[in-house]
>>> print(open('model_8.cif').read())   # mmCIF, C-alpha atoms
data_upload
#
loop_
_atom_site.group_PDB
_atom_site.id
_atom_site.type_symbol
_atom_site.label_atom_id
_atom_site.label_comp_id
_atom_site.auth_asym_id
_atom_site.auth_seq_id
_atom_site.Cartn_x
_atom_site.Cartn_y
_atom_site.Cartn_z
ATOM 1 C CA LYS A 1 0.000 0.000 0.000
ATOM 2 C CA ALA A 2 1.500 3.329 -1.054
ATOM 3 C CA GLY A 3 2.168 5.871 1.662
ATOM 4 C CA VAL A 4 1.313 9.538 1.808
ATOM 5 C CA THR A 5 2.777 11.354 -1.181
ATOM 6 C CA GLN A 6 3.684 15.024 -1.138
ATOM 7 C CA THR A 7 4.769 17.017 -4.157
ATOM 8 C CA PRO A 8 6.985 18.784 -4.866
ATOM 9 C CA ARG A 9 9.747 17.694 -2.484
ATOM 10 C CA TYR A 10 11.609 20.999 -2.703
ATOM 11 C CA LEU A 11 10.465 24.437 -3.758
ATOM 12 C CA ILE A 12 12.206 27.800 -4.012
ATOM 13 C CA LYS A 13 10.108 30.947 -4.325
ATOM 14 C CA THR A 14 10.609 34.680 -3.894
ATOM 15 C CA ARG A 15 8.749 37.017 -1.588
ATOM 16 C CA GLY A 16 5.305 38.018 -2.818
ATOM 17 C CA GLN A 17 4.777 34.914 -4.941
ATOM 18 C CA GLN A 18 2.223 32.261 -4.188
ATOM 19 C CA VAL A 19 2.691 28.499 -3.921
ATOM 20 C CA THR A 20 0.517 25.388 -4.050
ATOM 21 C CA LEU A 21 1.539 22.144 -2.353
ATOM 22 C CA SER A 22 -0.082 18.798 -3.006
ATOM 23 C CA CYS A 23 -0.790 15.788 -0.807
ATOM 24 C CA SER A 24 -2.133 12.393 -1.842
ATOM 25 C CA PRO A 25 -3.266 10.363 1.166
ATOM 26 C CA ILE A 26 -3.065 6.626 1.671
ATOM 27 C CA SER A 27 -5.755 4.890 -0.341
ATOM 28 C CA GLY A 28 -8.987 4.737 1.657
ATOM 29 C CA HIS A 29 -8.008 7.516 4.047
ATOM 30 C CA ARG A 30 -10.516 10.354 4.162
ATOM 31 C CA SER A 31 -8.816 12.761 6.547
ATOM 32 C CA VAL A 32 -5.877 14.986 5.619
ATOM 33 C CA SER A 33 -4.134 17.459 7.901
ATOM 34 C CA TRP A 34 -1.312 19.915 7.260
ATOM 35 C CA TYR A 35 1.513 21.094 9.505
ATOM 36 C CA GLN A 36 4.305 23.640 9.321
ATOM 37 C CA GLN A 37 7.668 22.749 10.851
ATOM 38 C CA THR A 38 10.359 25.331 11.576
ATOM 39 C CA PRO A 39 13.429 25.181 13.846
ATOM 40 C CA GLY A 40 12.070 27.998 16.010
ATOM 41 C CA GLN A 41 8.390 27.061 16.337
ATOM 42 C CA GLY A 42 8.504 23.308 15.922
ATOM 43 C CA LEU A 43 5.518 21.515 14.405
ATOM 44 C CA GLN A 44 2.383 23.627 14.183
ATOM 45 C CA PHE A 45 -1.054 22.564 13.022
ATOM 46 C CA LEU A 46 -2.381 24.370 9.940
ATOM 47 C CA PHE A 47 -5.720 22.744 9.094
ATOM 48 C CA GLU A 48 -7.550 19.451 8.792
ATOM 49 C CA TYR A 49 -9.994 18.210 6.167
ATOM 50 C CA PHE A 50 -12.418 15.306 6.223
ATOM 51 C CA SER A 51 -14.643 14.420 3.273
ATOM 52 C CA GLU A 52 -13.900 17.753 1.566
ATOM 53 C CA THR A 53 -14.848 19.820 4.648
ATOM 54 C CA GLN A 54 -12.418 21.802 6.750
ATOM 55 C CA ARG A 55 -12.838 20.594 10.332
ATOM 56 C CA ASN A 56 -10.518 22.988 12.087
ATOM 57 C CA LYS A 57 -7.788 25.512 11.496
ATOM 58 C CA GLY A 58 -4.653 26.545 13.317
ATOM 59 C CA ASN A 59 -3.516 30.014 14.225
ATOM 60 C CA PHE A 60 -2.212 31.111 10.842
ATOM 61 C CA PRO A 61 -3.061 34.174 8.721
ATOM 62 C CA GLY A 62 -5.596 34.004 5.925
ATOM 63 C CA ARG A 63 -2.750 33.746 3.376
ATOM 64 C CA PHE A 64 -2.695 30.048 4.236
ATOM 65 C CA SER A 65 -5.589 28.119 2.747
ATOM 66 C CA GLY A 66 -6.362 24.609 1.680
ATOM 67 C CA ARG A 67 -8.906 22.340 0.129
ATOM 68 C CA GLN A 68 -9.699 18.678 -0.275
ATOM 69 C CA PHE A 69 -11.053 17.013 -3.381
ATOM 70 C CA SER A 70 -13.590 14.222 -3.704
ATOM 71 C CA ASN A 71 -10.776 11.650 -4.078
ATOM 72 C CA SER A 72 -9.369 12.875 -0.713
ATOM 73 C CA ARG A 73 -6.312 14.468 -2.295
ATOM 74 C CA SER A 74 -5.551 17.825 -0.724
ATOM 75 C CA GLU A 75 -3.779 21.015 -1.659
ATOM 76 C CA MET A 76 -2.606 23.903 0.441
ATOM 77 C CA ASN A 77 -1.915 27.347 -0.903
ATOM 78 C CA VAL A 78 0.162 30.164 0.510
ATOM 79 C CA SER A 79 -0.279 33.566 -1.094
ATOM 80 C CA THR A 80 1.979 36.608 -0.861
ATOM 81 C CA LEU A 81 4.904 34.620 0.474
ATOM 82 C CA GLU A 82 7.038 36.045 3.263
ATOM 83 C CA LEU A 83 10.564 35.058 4.328
ATOM 84 C CA GLY A 84 9.103 33.566 7.509
ATOM 85 C CA ASP A 85 7.072 31.069 5.476
ATOM 86 C CA SER A 86 10.255 29.110 4.788
ATOM 87 C CA ALA A 87 9.602 25.759 6.420
ATOM 88 C CA LEU A 88 9.022 22.062 5.980
ATOM 89 C CA TYR A 89 5.330 21.540 5.217
ATOM 90 C CA LEU A 90 4.049 18.147 6.254
ATOM 91 C CA CYS A 91 0.833 16.419 5.352
ATOM 92 C CA ALA A 92 -0.709 13.527 7.291
ATOM 93 C CA SER A 93 -3.596 11.244 6.484
ATOM 94 C CA SER A 94 -5.814 8.968 8.548
ATOM 95 C CA PHE A 95 -8.836 6.787 7.928
ATOM 96 C CA GLY A 96 -11.095 8.870 10.136
ATOM 97 C CA VAL A 97 -10.599 11.566 12.707
ATOM 98 C CA ARG A 98 -10.025 11.734 16.463
ATOM 99 C CA ASP A 99 -9.149 8.112 17.232
ATOM 100 C CA GLU A 100 -6.940 7.349 14.268
ATOM 101 C CA LYS A 101 -3.199 6.986 13.826
ATOM 102 C CA LEU A 102 -1.652 9.697 11.644
ATOM 103 C CA PHE A 103 0.565 8.748 8.711
ATOM 104 C CA PHE A 104 2.899 11.450 7.429
ATOM 105 C CA GLY A 105 4.407 12.178 4.053
ATOM 106 C CA SER A 106 8.039 13.188 3.542
ATOM 107 C CA GLY A 107 7.119 16.859 3.336
ATOM 108 C CA THR A 108 7.746 19.774 1.020
ATOM 109 C CA GLN A 109 10.735 21.949 1.896
ATOM 110 C CA LEU A 110 9.813 25.523 0.945
ATOM 111 C CA SER A 111 12.477 28.204 0.786
ATOM 112 C CA VAL A 112 11.391 31.821 0.325
ATOM 113 C CA LEU A 113 14.136 34.168 -0.895
ATOM 114 C CA LYS B 1 -5.079 26.109 26.001
ATOM 115 C CA GLN B 2 -3.348 22.752 25.526
ATOM 116 C CA GLU B 3 0.447 22.824 25.702
ATOM 117 C CA VAL B 4 2.830 19.901 25.246
ATOM 118 C CA THR B 5 6.378 19.768 26.563
ATOM 119 C CA GLN B 6 9.109 17.162 26.288
ATOM 120 C CA ILE B 7 12.058 16.550 28.561
ATOM 121 C CA PRO B 8 14.929 16.273 27.952
ATOM 122 C CA ALA B 9 15.458 18.322 24.781
ATOM 123 C CA ALA B 10 18.461 16.162 23.897
ATOM 124 C CA LEU B 11 19.836 12.869 25.119
ATOM 125 C CA SER B 12 22.996 10.938 24.351
ATOM 126 C CA VAL B 13 23.361 7.329 25.506
ATOM 127 C CA PRO B 14 25.729 4.421 24.797
ATOM 128 C CA GLU B 15 24.429 1.562 22.701
ATOM 129 C CA GLY B 16 22.559 -1.095 24.648
ATOM 130 C CA GLU B 17 21.241 1.209 27.322
ATOM 131 C CA ASN B 18 17.534 1.364 28.210
ATOM 132 C CA LEU B 19 16.107 4.873 28.157
ATOM 133 C CA VAL B 20 12.953 6.863 28.902
ATOM 134 C CA LEU B 21 11.628 9.914 27.077
ATOM 135 C CA ASN B 22 9.048 12.128 28.747
ATOM 136 C CA CYS B 23 6.052 14.025 27.427
ATOM 137 C CA SER B 24 3.765 16.302 29.453
ATOM 138 C CA PHE B 25 0.494 17.985 28.504
ATOM 139 C CA THR B 26 -1.490 20.602 30.400
ATOM 140 C CA ASP B 27 -5.082 19.548 29.664
ATOM 141 C CA SER B 28 -6.203 15.972 30.316
ATOM 142 C CA ALA B 29 -9.140 16.303 27.887
ATOM 143 C CA ILE B 30 -7.555 14.370 25.036
ATOM 144 C CA TYR B 31 -8.703 11.712 22.578
ATOM 145 C CA ASN B 32 -5.281 10.106 22.277
ATOM 146 C CA LEU B 33 -1.522 10.567 22.414
ATOM 147 C CA GLN B 34 0.833 9.482 19.662
ATOM 148 C CA TRP B 35 4.609 9.046 19.610
ATOM 149 C CA PHE B 36 6.587 9.652 16.414
ATOM 150 C CA ARG B 37 10.194 9.579 15.312
ATOM 151 C CA GLN B 38 11.657 11.941 12.755
ATOM 152 C CA ASP B 39 14.934 11.540 10.914
ATOM 153 C CA PRO B 40 16.674 14.742 9.713
ATOM 154 C CA GLY B 41 14.824 16.421 6.834
ATOM 155 C CA LYS B 42 12.225 13.684 6.698
ATOM 156 C CA GLY B 43 8.600 13.195 7.617
ATOM 157 C CA LEU B 44 7.325 11.614 10.804
ATOM 158 C CA THR B 45 7.022 7.886 11.396
ATOM 159 C CA SER B 46 4.288 6.796 13.770
ATOM 160 C CA LEU B 47 5.559 4.597 16.599
ATOM 161 C CA LEU B 48 2.690 4.117 19.023
ATOM 162 C CA LEU B 49 -0.828 5.471 19.494
ATOM 163 C CA ILE B 50 -2.447 5.361 22.935
ATOM 164 C CA GLN B 51 -6.156 6.077 23.215
ATOM 165 C CA SER B 52 -7.315 8.101 26.232
ATOM 166 C CA SER B 53 -8.894 4.989 27.775
ATOM 167 C CA GLN B 54 -5.654 2.980 27.562
ATOM 168 C CA ARG B 55 -2.680 2.935 29.922
ATOM 169 C CA GLU B 56 0.044 1.616 27.638
ATOM 170 C CA GLN B 57 0.974 0.278 24.236
ATOM 171 C CA THR B 58 3.913 -1.897 23.199
ATOM 172 C CA SER B 59 5.657 -2.521 19.910
ATOM 173 C CA GLY B 60 8.886 -4.496 19.859
ATOM 174 C CA ARG B 61 11.484 -2.695 21.987
ATOM 175 C CA LEU B 62 9.149 0.272 22.524
ATOM 176 C CA ASN B 63 6.654 0.751 25.321
ATOM 177 C CA ALA B 64 4.571 3.881 25.794
ATOM 178 C CA SER B 65 2.501 4.664 28.869
ATOM 179 C CA LEU B 66 -0.174 7.258 29.450
ATOM 180 C CA ASP B 67 -1.311 8.810 32.735
ATOM 181 C CA LYS B 68 -4.046 11.168 31.656
ATOM 182 C CA SER B 69 -4.850 12.462 35.127
ATOM 183 C CA SER B 70 -1.307 13.706 35.674
ATOM 184 C CA GLY B 71 -0.840 14.789 32.050
ATOM 185 C CA ARG B 72 2.152 12.547 31.395
ATOM 186 C CA SER B 73 3.343 9.972 28.927
ATOM 187 C CA THR B 74 6.637 8.111 28.732
ATOM 188 C CA LEU B 75 8.304 6.287 25.860
ATOM 189 C CA TYR B 76 10.580 3.483 26.999
ATOM 190 C CA ILE B 77 13.177 2.190 24.546
ATOM 191 C CA ALA B 78 14.880 -1.053 25.507
ATOM 192 C CA ALA B 79 18.388 -2.038 24.449
ATOM 193 C CA SER B 80 18.989 1.101 22.374
ATOM 194 C CA GLN B 81 20.742 0.823 19.000
ATOM 195 C CA PRO B 82 22.519 3.443 16.819
ATOM 196 C CA GLY B 83 19.592 3.177 14.378
ATOM 197 C CA ASP B 84 17.337 4.592 17.117
ATOM 198 C CA SER B 85 19.102 7.959 16.758
ATOM 199 C CA ALA B 86 16.419 10.454 15.707
ATOM 200 C CA THR B 87 14.120 13.110 17.123
ATOM 201 C CA TYR B 88 11.159 11.717 19.045
ATOM 202 C CA LEU B 89 7.963 13.750 19.198
ATOM 203 C CA CYS B 90 4.758 13.251 21.111
ATOM 204 C CA ALA B 91 1.435 14.709 20.047
ATOM 205 C CA VAL B 92 -1.994 14.875 21.656
ATOM 206 C CA ARG B 93 -5.348 15.236 19.926
ATOM 207 C CA SER B 94 -7.077 17.731 22.166
ATOM 208 C CA LYS B 95 -10.806 17.672 22.950
ATOM 209 C CA THR B 96 -10.802 21.303 24.012
ATOM 210 C CA SER B 97 -8.909 22.808 21.091
ATOM 211 C CA TYR B 98 -11.319 21.851 18.306
ATOM 212 C CA ASP B 99 -9.793 18.381 17.967
ATOM 213 C CA LYS B 100 -6.436 19.816 16.929
ATOM 214 C CA VAL B 101 -3.268 17.753 17.094
ATOM 215 C CA ILE B 102 -0.690 19.544 19.232
ATOM 216 C CA PHE B 103 2.946 18.523 19.147
ATOM 217 C CA GLY B 104 5.697 18.751 21.704
ATOM 218 C CA PRO B 105 9.082 20.205 20.714
ATOM 219 C CA GLY B 106 10.744 16.794 20.556
ATOM 220 C CA THR B 107 13.704 15.011 22.158
ATOM 221 C CA SER B 108 16.809 14.571 20.026
ATOM 222 C CA LEU B 109 18.299 11.144 20.776
ATOM 223 C CA SER B 110 21.825 10.037 19.918
ATOM 224 C CA VAL B 111 22.826 6.434 20.539
ATOM 225 C CA ILE B 112 26.610 6.111 20.549
ATOM 226 C CA PRO B 113 28.089 2.823 19.203
#
>>> encode(input="model_8.cif", output="structure tokens")
Amino acid sequence: KAGVTQTPRYLIKTRGQQVTLSCSPISGHRSVSWYQQTPGQGLQFLFEYFSETQRNKGNFPGRFSGRQFSNSRSEMNVSTLELGDSALYLCASSFGVRDEKLFFGSGTQLSVL
Amino acid sequence: KQEVTQIPAALSVPEGENLVLNCSFTDSAIYNLQWFRQDPGKGLTSLLLIQSSQREQTSGRLNASLDKSSGRSTLYIAASQPGDSATYLCAVRSKTSYDKVIFGPGTSLSVIP
């Protein structure tokens, strides 16, 4: 069974640009969540989707948005990039929510210059 | 507001030693607690998931316990090996923070051959 797939693996952007990251969950998983990891702040929750609906959202500005498609694949978008958005963005999937083990992808390393 | 801490921040042990990693959380209203390991620049690998109604979970050389009333969990690693070197993170799914998953800062473990 294939794991969680995140694309692209690495991304370099300049300030002011926007970026879209993609996450394909494990087959059969309906929940996808996104996290930002930085050396200073650690792992922080961005948002979680289940069956195309956003269940909750972390404490991030409106420049960070996401969506989930009917096949459970998810995308997150960051508009008007800032230097501080440089981070490893991780996606996790699970079969359901609340009681389920999370399975993570390898992440997308975003560098904003 | 749920907060998760991990002690120690870093640990170095000789190969073969048994060791304990600690995780503390401030609010006992959780659905579950999960332990992960992360290798440098990579995603997270799930190790053990403990539901709020459980006291411990075991997998191979790993044993995780949960004391919800005191807000503590421990990860016990028996007979440590150099391949166990990684950062270990705990995360709780909080009932009082809109079901968000909140991570601790991690413990960086080095097992010396």
>>> closest_residue(input="model_8.cif", among="B:Asn18, B:Ser28, B:Gln51, B:Ser70", to="chain A", atoms="all atoms listed in the file")
B:Gln51
>>> interface_residues(input="model_8.cif", of="chain B", to="chain A", cutoff="9 Å", atoms="all atoms listed in the file", output="number ranges by chain")
B: 31-32, 34, 41-46, 48-49, 51, 93-95, 98-106
>>> closest_residue(input="model_8.cif", among="B:Pro8, B:Pro40, B:Gly16, B:Pro113", to="Ser80 in chain B", atoms="only C-alpha atoms")
B:Gly16
>>> closest_residue(input="model_8.cif", among="B:Ser53, B:Ser12, B:Ser59, B:Thr87", to="Ile30 in chain B", atoms="all atoms listed in the file")
B:Ser53
>>> closest_residue(input="model_8.cif", among="B:Ile50, B:Val92, B:Leu19, B:Val111", to="Tyr76 in chain B", atoms="all atoms listed in the file")
B:Leu19
